[in-house]
>>> print(open('start34.txt').read())   # compact mmCIF, C-alpha atoms (C1' of nucleotides)
# COMPACT_ATOMS: atom_id res chain seq x y z
CA MET A 259 121.25 129.02 -19.07
CA GLY A 260 120.24 125.40 -19.40
CA ILE A 261 117.77 123.34 -17.43
CA ILE A 262 118.77 122.52 -13.88
CA ARG A 263 115.63 121.23 -12.18
CA LYS A 264 113.30 118.58 -13.52
CA THR A 265 110.02 120.38 -13.03
CA GLN A 266 106.41 119.55 -13.81
CA SER A 267 106.43 122.19 -16.54
CA ILE A 268 109.22 120.47 -18.41
CA THR A 269 107.42 117.16 -18.31
CA ILE A 270 104.25 118.74 -19.65
CA LEU A 271 106.12 120.52 -22.43
CA LEU A 272 108.23 117.57 -23.53
CA ASN A 273 105.15 115.36 -23.66
CA GLU A 274 104.04 117.39 -26.66
CA PHE A 275 107.07 116.23 -28.62
CA ALA A 276 105.94 112.63 -28.77
CA ASP A 277 106.78 112.25 -32.43
CA ASP A 278 110.47 112.63 -33.10
CA THR A 279 110.34 114.18 -36.53
CA VAL A 280 107.23 116.34 -36.42
CA ALA A 281 107.80 119.99 -35.61
CA ILE A 282 105.43 122.12 -33.55
CA ALA A 283 105.01 125.87 -33.83
CA ALA A 284 105.82 127.82 -30.67
CA THR A 285 102.48 129.59 -30.95
CA GLU A 286 100.72 126.26 -31.26
CA LEU A 287 102.38 125.05 -28.07
CA ALA A 288 101.37 128.25 -26.31
CA LYS A 289 97.79 127.65 -27.43
CA ARG A 290 97.69 123.95 -26.57
CA LEU A 291 99.16 124.36 -23.10
CA LYS A 292 97.45 127.62 -22.23
CA THR A 293 95.51 126.07 -19.37
CA GLN A 294 98.55 124.34 -17.92
CA LEU A 295 101.46 126.70 -18.47
CA ASN A 296 101.99 130.42 -18.80
CA LYS A 297 103.25 131.52 -22.20
CA THR A 298 106.32 133.09 -20.62
CA THR A 299 107.21 129.73 -19.14
CA ILE A 300 106.73 128.00 -22.46
CA TYR A 301 108.98 130.40 -24.36
CA ARG A 302 111.60 130.32 -21.63
CA LEU A 303 111.62 126.52 -21.47
CA LEU A 304 111.87 126.14 -25.23
CA SER A 305 114.87 128.42 -25.25
CA LYS A 306 116.54 126.45 -22.46
CA LEU A 307 115.78 123.13 -24.10
CA GLU A 308 117.40 124.45 -27.25
CA ASP A 309 120.49 125.54 -25.33
CA ASP A 310 120.70 122.04 -23.91
CA GLY A 311 120.52 120.41 -27.34
CA ILE A 312 117.19 118.74 -26.60
CA VAL A 313 115.18 120.58 -29.22
CA HIS A 314 116.11 122.74 -32.19
CA SER A 315 114.21 125.56 -33.82
CA PHE A 316 113.81 127.07 -37.25
CA LEU A 317 111.58 129.54 -39.07
CA ASP A 318 109.27 128.94 -41.98
CA ARG A 319 108.48 131.37 -44.81
CA ASN A 320 105.84 133.11 -42.71
CA GLY A 321 108.23 133.79 -39.85
CA THR A 322 106.54 131.20 -37.67
CA LYS A 323 108.98 129.58 -35.27
CA TRP A 324 108.98 125.78 -35.12
CA TYR A 325 110.50 123.41 -32.62
CA ALA A 326 111.39 119.76 -33.00
CA LYS A 327 113.34 117.18 -31.05
CA CYS A 328 117.05 116.87 -31.64
CA THR A 329 118.89 113.68 -32.41
CA GLY A 330 122.54 113.56 -31.52
CA CYS A 331 122.92 117.11 -30.27
CA THR A 332 124.75 118.30 -27.16
CA THR A 333 124.89 121.51 -25.16
CA ALA A 334 128.11 122.32 -26.98
CA LYS A 335 126.84 121.90 -30.51
CA HIS A 336 123.67 121.37 -32.44
CA ALA A 337 124.28 118.60 -34.94
CA ASP A 338 120.91 118.88 -36.68
CA ILE A 339 121.95 119.84 -40.14
CA HIS A 340 118.96 118.31 -41.84
CA PRO A 341 116.55 120.31 -43.97
CA HIS A 342 112.97 120.96 -42.90
CA PHE A 343 109.92 120.38 -44.99
CA GLN A 344 106.63 122.28 -44.90
CA CYS A 345 103.56 121.11 -46.75
CA THR A 346 101.97 124.01 -48.60
CA ASP A 347 98.58 122.26 -48.41
CA CYS A 348 98.15 121.10 -44.82
CA GLY A 349 100.87 123.21 -43.22
CA LYS A 350 102.51 120.29 -41.46
CA VAL A 351 106.23 120.65 -40.86
CA ASP A 352 108.83 118.01 -40.21
CA CYS A 353 112.49 117.15 -40.17
CA LEU A 354 113.98 115.28 -43.10
CA SER A 355 116.59 112.69 -42.32
CA ILE A 356 119.00 113.65 -45.04
CA GLU A 357 122.15 115.69 -44.86
CA ILE A 358 122.65 118.69 -47.07
CA PRO A 359 126.32 119.40 -47.69
CA ILE A 360 127.39 122.94 -46.87
CA PRO A 361 128.32 124.56 -50.17
CA ASN A 362 131.71 126.12 -50.56
CA ILE A 363 131.52 129.83 -51.32
CA PRO A 364 134.58 131.68 -52.58
CA ASN A 365 135.88 134.39 -50.22
CA ARG A 366 133.59 133.34 -47.40
CA LYS A 367 133.76 130.89 -44.55
CA VAL A 368 130.40 129.22 -44.24
CA THR A 369 129.74 127.55 -40.91
CA ILE A 370 125.98 127.18 -40.73
CA SER A 371 123.56 126.12 -43.40
CA GLN A 372 119.79 125.98 -43.24
CA MET A 373 117.37 124.67 -45.78
CA LEU A 374 113.62 124.90 -45.90
CA LEU A 375 111.77 122.89 -48.51
CA GLN A 376 108.16 123.43 -49.42
CA GLY A 377 105.77 121.32 -51.42
CA LYS A 378 103.24 118.57 -50.91
CA CYS A 379 103.57 115.95 -48.23
CA GLU A 380 102.80 112.29 -48.78
CA HIS A 381 99.33 112.60 -47.36
CA CYS A 382 98.31 115.63 -49.42
CA LEU A 383 99.83 114.14 -52.59
CA ALA A 384 97.55 111.14 -52.21
CA GLN A 385 94.51 113.35 -51.59
CA SER A 386 94.94 115.45 -54.68
CA SER A 387 95.84 112.62 -57.07
CA ASP A 388 98.33 115.01 -58.51
CA MET B 20 97.90 143.79 -56.36
CA GLY B 21 100.95 145.06 -58.19
CA ILE B 22 102.18 148.56 -58.79
CA ILE B 23 100.16 150.68 -61.20
CA ARG B 24 101.32 154.22 -60.69
CA LYS B 25 104.89 155.42 -60.72
CA THR B 26 104.86 157.49 -57.55
CA GLN B 27 107.44 159.47 -55.64
CA SER B 28 107.36 156.89 -52.88
CA ILE B 29 108.43 154.12 -55.21
CA THR B 30 111.34 156.15 -56.49
CA ILE B 31 112.48 156.88 -52.94
CA LEU B 32 112.18 153.25 -51.92
CA LEU B 33 113.88 151.77 -54.98
CA ASN B 34 116.77 154.21 -54.58
CA GLU B 35 117.74 152.29 -51.46
CA PHE B 36 118.38 149.18 -53.51
CA ALA B 37 121.33 150.66 -55.34
CA ASP B 38 123.48 147.57 -54.92
CA ASP B 39 122.01 144.59 -56.73
CA THR B 40 123.14 141.85 -54.39
CA VAL B 41 122.99 143.45 -50.96
CA ALA B 42 119.84 142.79 -48.98
CA ILE B 43 118.18 145.35 -46.67
CA ALA B 44 116.06 144.53 -43.65
CA ALA B 45 112.49 145.80 -43.82
CA THR B 46 112.93 147.38 -40.39
CA GLU B 47 116.09 149.09 -41.57
CA LEU B 48 114.22 150.58 -44.52
CA ALA B 49 111.47 151.75 -42.18
CA LYS B 50 114.11 153.43 -40.03
CA ARG B 51 116.07 154.98 -42.89
CA LEU B 52 113.05 156.41 -44.66
CA LYS B 53 111.10 157.40 -41.57
CA THR B 54 111.21 161.09 -42.41
CA GLN B 55 110.16 160.56 -46.01
CA LEU B 56 107.68 157.70 -45.97
CA ASN B 57 105.20 156.25 -43.53
CA LYS B 58 105.99 152.72 -42.42
CA THR B 59 102.66 151.47 -43.71
CA THR B 60 103.59 152.75 -47.14
CA ILE B 61 106.97 151.07 -46.96
CA TYR B 62 105.56 147.68 -46.03
CA ARG B 63 102.81 147.91 -48.62
CA LEU B 64 105.20 148.94 -51.36
CA LEU B 65 107.65 146.16 -50.55
CA SER B 66 104.86 143.66 -50.78
CA LYS B 67 103.73 145.02 -54.13
CA LEU B 68 107.25 145.12 -55.49
CA GLU B 69 107.59 141.49 -54.51
CA ASP B 70 104.36 140.59 -56.29
CA ASP B 71 105.71 142.30 -59.38
CA GLY B 72 108.97 140.33 -59.29
CA ILE B 73 111.07 143.43 -58.68
CA VAL B 74 112.32 142.43 -55.24
CA HIS B 75 112.31 139.19 -53.30
CA SER B 76 112.27 138.58 -49.56
CA PHE B 77 113.54 136.02 -47.09
CA LEU B 78 113.98 135.61 -43.35
CA ASP B 79 117.17 135.16 -41.39
CA ARG B 80 117.64 133.08 -38.24
CA ASN B 81 116.34 135.92 -36.06
CA GLY B 82 113.09 136.24 -37.98
CA THR B 83 114.21 139.52 -39.53
CA LYS B 84 112.76 140.03 -42.98
CA TRP B 85 115.18 141.01 -45.72
CA TYR B 86 114.57 142.38 -49.18
CA ALA B 87 116.82 142.38 -52.22
CA LYS B 88 116.50 143.11 -55.92
CA CYS B 89 115.45 140.34 -58.24
CA THR B 90 117.23 139.34 -61.40
CA GLY B 91 115.20 137.59 -64.03
CA CYS B 92 111.90 137.42 -62.16
CA THR B 93 108.45 138.18 -63.48
CA THR B 94 105.04 138.80 -61.96
CA ALA B 95 104.20 135.20 -62.75
CA LYS B 96 107.18 133.59 -61.09
CA HIS B 97 110.09 134.37 -58.86
CA ALA B 98 113.19 132.81 -60.38
CA ASP B 99 115.54 133.72 -57.54
CA ILE B 100 116.54 130.32 -56.34
CA HIS B 101 119.89 131.41 -55.01
CA PRO B 102 120.94 130.99 -51.39
CA HIS B 103 121.40 133.95 -49.07
CA PHE B 104 124.40 134.60 -46.91
CA GLN B 105 124.53 136.37 -43.57
CA CYS B 106 127.77 137.33 -41.89
CA THR B 107 127.68 136.37 -38.22
CA ASP B 108 130.17 139.13 -37.45
CA CYS B 109 128.93 142.26 -39.19
CA GLY B 110 125.36 141.11 -39.88
CA LYS B 111 125.51 142.01 -43.57
CA VAL B 112 123.28 139.91 -45.80
CA ASP B 113 123.49 139.28 -49.51
CA CYS B 114 122.45 137.12 -52.41
CA LEU B 115 124.83 134.47 -53.70
CA SER B 116 124.92 133.93 -57.41
CA ILE B 117 124.90 130.15 -57.31
CA GLU B 118 122.07 127.75 -57.86
CA ILE B 119 121.23 125.14 -55.29
CA PRO B 120 119.49 122.15 -56.85
CA ILE B 121 116.18 121.21 -55.23
CA PRO B 122 116.77 117.86 -53.55
CA ASN B 123 114.52 114.95 -54.39
CA ILE B 124 112.65 113.67 -51.34
CA PRO B 125 110.87 110.32 -51.48
CA ASN B 126 107.09 110.50 -51.10
CA ARG B 127 107.04 114.26 -51.37
CA LYS B 128 106.80 116.77 -54.18
CA VAL B 129 109.18 119.59 -53.42
CA THR B 130 108.50 122.79 -55.32
CA ILE B 131 110.29 125.49 -53.33
CA SER B 132 113.69 125.42 -51.73
CA GLN B 133 115.32 128.06 -49.59
CA MET B 134 118.79 128.12 -48.19
CA LEU B 135 120.36 130.45 -45.68
CA LEU B 136 124.09 130.27 -45.11
CA GLN B 137 125.87 131.86 -42.20
CA GLY B 138 129.52 132.49 -41.57
CA LYS B 139 132.11 135.16 -42.14
CA CYS B 140 132.05 137.49 -45.09
CA GLU B 141 135.13 138.46 -47.06
CA HIS B 142 135.58 141.68 -45.15
CA CYS B 143 135.29 140.14 -41.68
CA LEU B 144 137.55 137.24 -42.64
CA ALA B 145 140.29 139.71 -43.50
CA GLN B 146 139.76 141.64 -40.27
CA SER B 147 140.09 138.63 -38.00
CA SER B 148 143.04 136.99 -39.79
CA ASP B 149 141.23 133.74 -39.16
C1' DT C 60 112.32 119.90 7.54
C1' DT C 61 114.59 123.71 6.52
C1' DG C 62 117.13 126.82 3.54
C1' DT C 63 118.61 128.09 -0.94
C1' DT C 64 117.62 129.50 -5.33
C1' DA C 65 115.83 127.83 -9.85
C1' DC C 66 111.64 128.22 -11.76
C1' DT C 67 106.91 130.03 -12.60
C1' DG C 68 102.97 133.20 -13.19
C1' DC C 69 101.43 137.62 -13.83
C1' DA C 70 101.24 142.08 -15.70
C1' DA C 71 103.18 145.26 -18.41
C1' DC C 72 105.94 146.08 -22.26
C1' DT C 73 108.30 145.86 -27.00
C1' DT C 74 108.66 145.21 -31.80
C1' DA C 75 107.15 144.06 -36.43
C1' DG C 76 103.71 144.30 -39.16
C1' DT C 77 98.47 145.08 -40.44
C1' DT C 78 93.87 147.37 -41.05
C1' DG C 79 90.42 151.02 -41.83
C1' DT C 80 89.73 155.41 -43.52
C1' DA C 81 89.95 160.07 -45.07
C1' DA C 82 92.92 162.92 -47.79
C1' DT C 83 96.14 163.24 -51.68
C1' DA C 84 98.19 162.82 -56.17
C1' DA C 85 99.04 160.05 -60.53
C1' DA C 86 97.05 159.31 -64.75
C1' DT C 87 93.25 159.58 -67.83
C1' DT C 88 89.47 161.98 -70.02
C1' DT C 89 87.26 165.97 -71.51
C1' DA D 157 94.61 172.89 -69.29
C1' DA D 158 90.95 171.63 -66.19
C1' DA D 159 88.14 168.09 -64.48
C1' DT D 160 87.61 163.42 -63.16
C1' DT D 161 88.78 158.96 -61.54
C1' DT D 162 90.83 156.00 -58.42
C1' DA D 163 95.41 154.21 -56.89
C1' DT D 164 98.17 155.58 -53.36
C1' DT D 165 99.45 157.59 -48.93
C1' DA D 166 99.49 159.10 -43.96
C1' DC D 167 97.68 158.57 -39.72
C1' DA D 168 95.97 156.30 -35.84
C1' DA D 169 94.67 152.34 -33.84
C1' DC D 170 95.29 147.62 -33.60
C1' DT D 171 97.27 142.65 -33.54
C1' DA D 172 100.41 138.93 -32.60
C1' DA D 173 104.73 137.07 -31.03
C1' DG D 174 107.78 137.28 -27.87
C1' DT D 175 110.32 139.65 -23.70
C1' DT D 176 111.21 141.72 -19.05
C1' DG D 177 110.93 142.58 -14.07
C1' DC D 178 109.51 140.87 -10.04
C1' DA D 179 107.19 138.55 -6.28
C1' DG D 180 105.73 134.03 -5.00
C1' DT D 181 106.43 128.95 -5.48
C1' DA D 182 108.56 124.50 -5.61
C1' DA D 183 112.77 121.49 -6.55
C1' DC D 184 116.35 119.65 -4.22
C1' DA D 185 120.43 119.60 -1.15
C1' DA D 186 121.87 119.60 3.56
>>> encode(input="start34.txt", output="structure tokens")
Amino acid sequence: MGIIRKTQSITILLNEFADDTVAIAATELAKRLKTQLNKTTIYRLLSKLEDDGIVHSFLDRNGTKWYAKCTGCTTAKHADIHPHFQCTDCGKVDCLSIEIPIPNIPNRKVTISQMLLQGKCEHCLAQSSD
Amino acid sequence: MGIIRKTQSITILLNEFADDTVAIAATELAKRLKTQLNKTTIYRLLSKLEDDGIVHSFLDRNGTKWYAKCTGCTTAKHADIHPHFQCTDCGKVDCLSIEIPIPNIPNRKVTISQMLLQGKCEHCLAQSSD
DNA sequence: TTGTTACTGCAACTTAGTTGTAATAAATTT
DNA sequence: AAATTTATTACAACTAAGTTGCAGTAACAA
């Protein structure tokens, strides 16, 4: 179910992911590209790009789905095991370049681990002098 | 916005949380209690119970919202900083009684940390002899 | 340049959750 | 115990995110 043809739509969509660590909400993409792409196309492409290991997705506390570029992922396996950070002030979300070890839980075999951190980003910390 | 009156509805709803560590999906509660409570009531009560520190909620990878009982929380602050575990085989979700330290991120002030672990639960591990 | 079929747009749909409002039932007062 | 107050509930209607089916379009191979 990956991407086979290099279409205009893909170029338009990938252009939005200029910054490698900043995540974009799926709904935000749908809004931004409304005049250029149908929302069905956007959702379908995002899903394919994720299958191909080009982007990865995650949810924040509100259930909003975010997408960001992958680094070092393949079709076979997503290697993005970094935590994500959401600023509670400005709402900005990005990928943190640290690795969180998967904790060992007795009686269970843990294979996937996801971490969402919330707090104040650099910019908002400076603003509030707090 | 907390709970003021001890109503029948609350009794019915809280009865579902018999097990202290097993989480229940909001949609599952809506389905189970359909004949007894209106879904609006269910969602509003869950939200109030969360405000009161009686239950806490979190989202899984599919965006499904789960609720589970709190231990040691108050109206002022949710103290449930444990990770949640979802079995990729049977779908069961529960609270793990371990504490994950909030990682220190340079240039950011992290105040909330959430972790979702996925893998095989004890029961499904035994089933699959794997 | 033609044929194949992946991809896209559109409309209609689904699902989770929310909002407004009138009726009901806890809890308090008399 | 009855009356009063108002938090709570049910109902219907709505919203927002995402999905599905399908006919038309556009990559790309031959």
>>> interface_residues(input="start34.txt", of="chain B", to="chain D", cutoff="9 Å", atoms="all atoms listed in the file", output="list of chain:residue names")
B:Ile23, B:Arg24, B:Thr26, B:Ser28, B:Leu56, B:Asn57, B:Thr59, B:Thr60
>>> closest_atom_pairs(input="start34.txt", of="chain B", to="chain C", cutoff="10 Å", atoms="only C-alpha atoms (C1' of nucleotides)", output="Markdown table")
| residue | atom | partner | partner_atom | distance |
| --- | --- | --- | --- | --- |
| B:Ile23 | CA | C:DA85 | C1' | 9.5 |
| B:Arg24 | CA | C:DA85 | C1' | 6.3 |
| B:Lys25 | CA | C:DA85 | C1' | 7.5 |
| B:Thr26 | CA | C:DA85 | C1' | 7.0 |
| B:Gln27 | CA | C:DA85 | C1' | 9.7 |
| B:Ala45 | CA | C:DA75 | C1' | 9.3 |
| B:Thr46 | CA | C:DA75 | C1' | 7.8 |
| B:Lys58 | CA | C:DG76 | C1' | 9.3 |
| B:Thr59 | CA | C:DT77 | C1' | 8.3 |
| B:Tyr62 | CA | C:DG76 | C1' | 7.9 |
| B:Arg63 | CA | C:DT77 | C1' | 9.7 |
| B:Gly82 | CA | C:DA75 | C1' | 9.9 |
| B:Thr83 | CA | C:DA75 | C1' | 8.9 |
| B:Lys84 | CA | C:DA75 | C1' | 9.5 |
>>> atom_distance(input="start34.txt", atom1="CA of Glu357 in chain A", atom2="CA of Gln372 in chain A")
10.7 Å
>>> atom_distance(input="start34.txt", atom1="CA of Cys143 in chain B", atom2="CA of Asp38 in chain B")
19.2 Å
>>> interface_residues(input="start34.txt", of="chain B", to="chain A", cutoff="7 Å", atoms="only C-alpha atoms", output="JSON, numbers by chain")
{"B": [78, 82, 126, 127, 128, 129, 130, 131, 132, 133, 134, 135, 136, 137, 138, 139, 140, 141]}
>>> residues_around(input="start34.txt", residues="range 29-32 of chain B", least_positions_apart="6", cutoff="8 Å", atoms="all atoms listed in the file", output="PDB file with C-alpha atoms, keeping the file's coordinate frame")
ATOM      1  CA  LEU B  52     113.050 156.410 -44.660  1.00  0.00           C
ATOM      2  CA  ILE B  61     106.970 151.070 -46.960  1.00  0.00           C
ATOM      3  CA  LEU B  64     105.200 148.940 -51.360  1.00  0.00           C
TER       4      LEU B  64
END
>>> atom_distance(input="start34.txt", atom1="CA of Ile43 in chain B", atom2="CA of Met20 in chain B")
22.5 Å
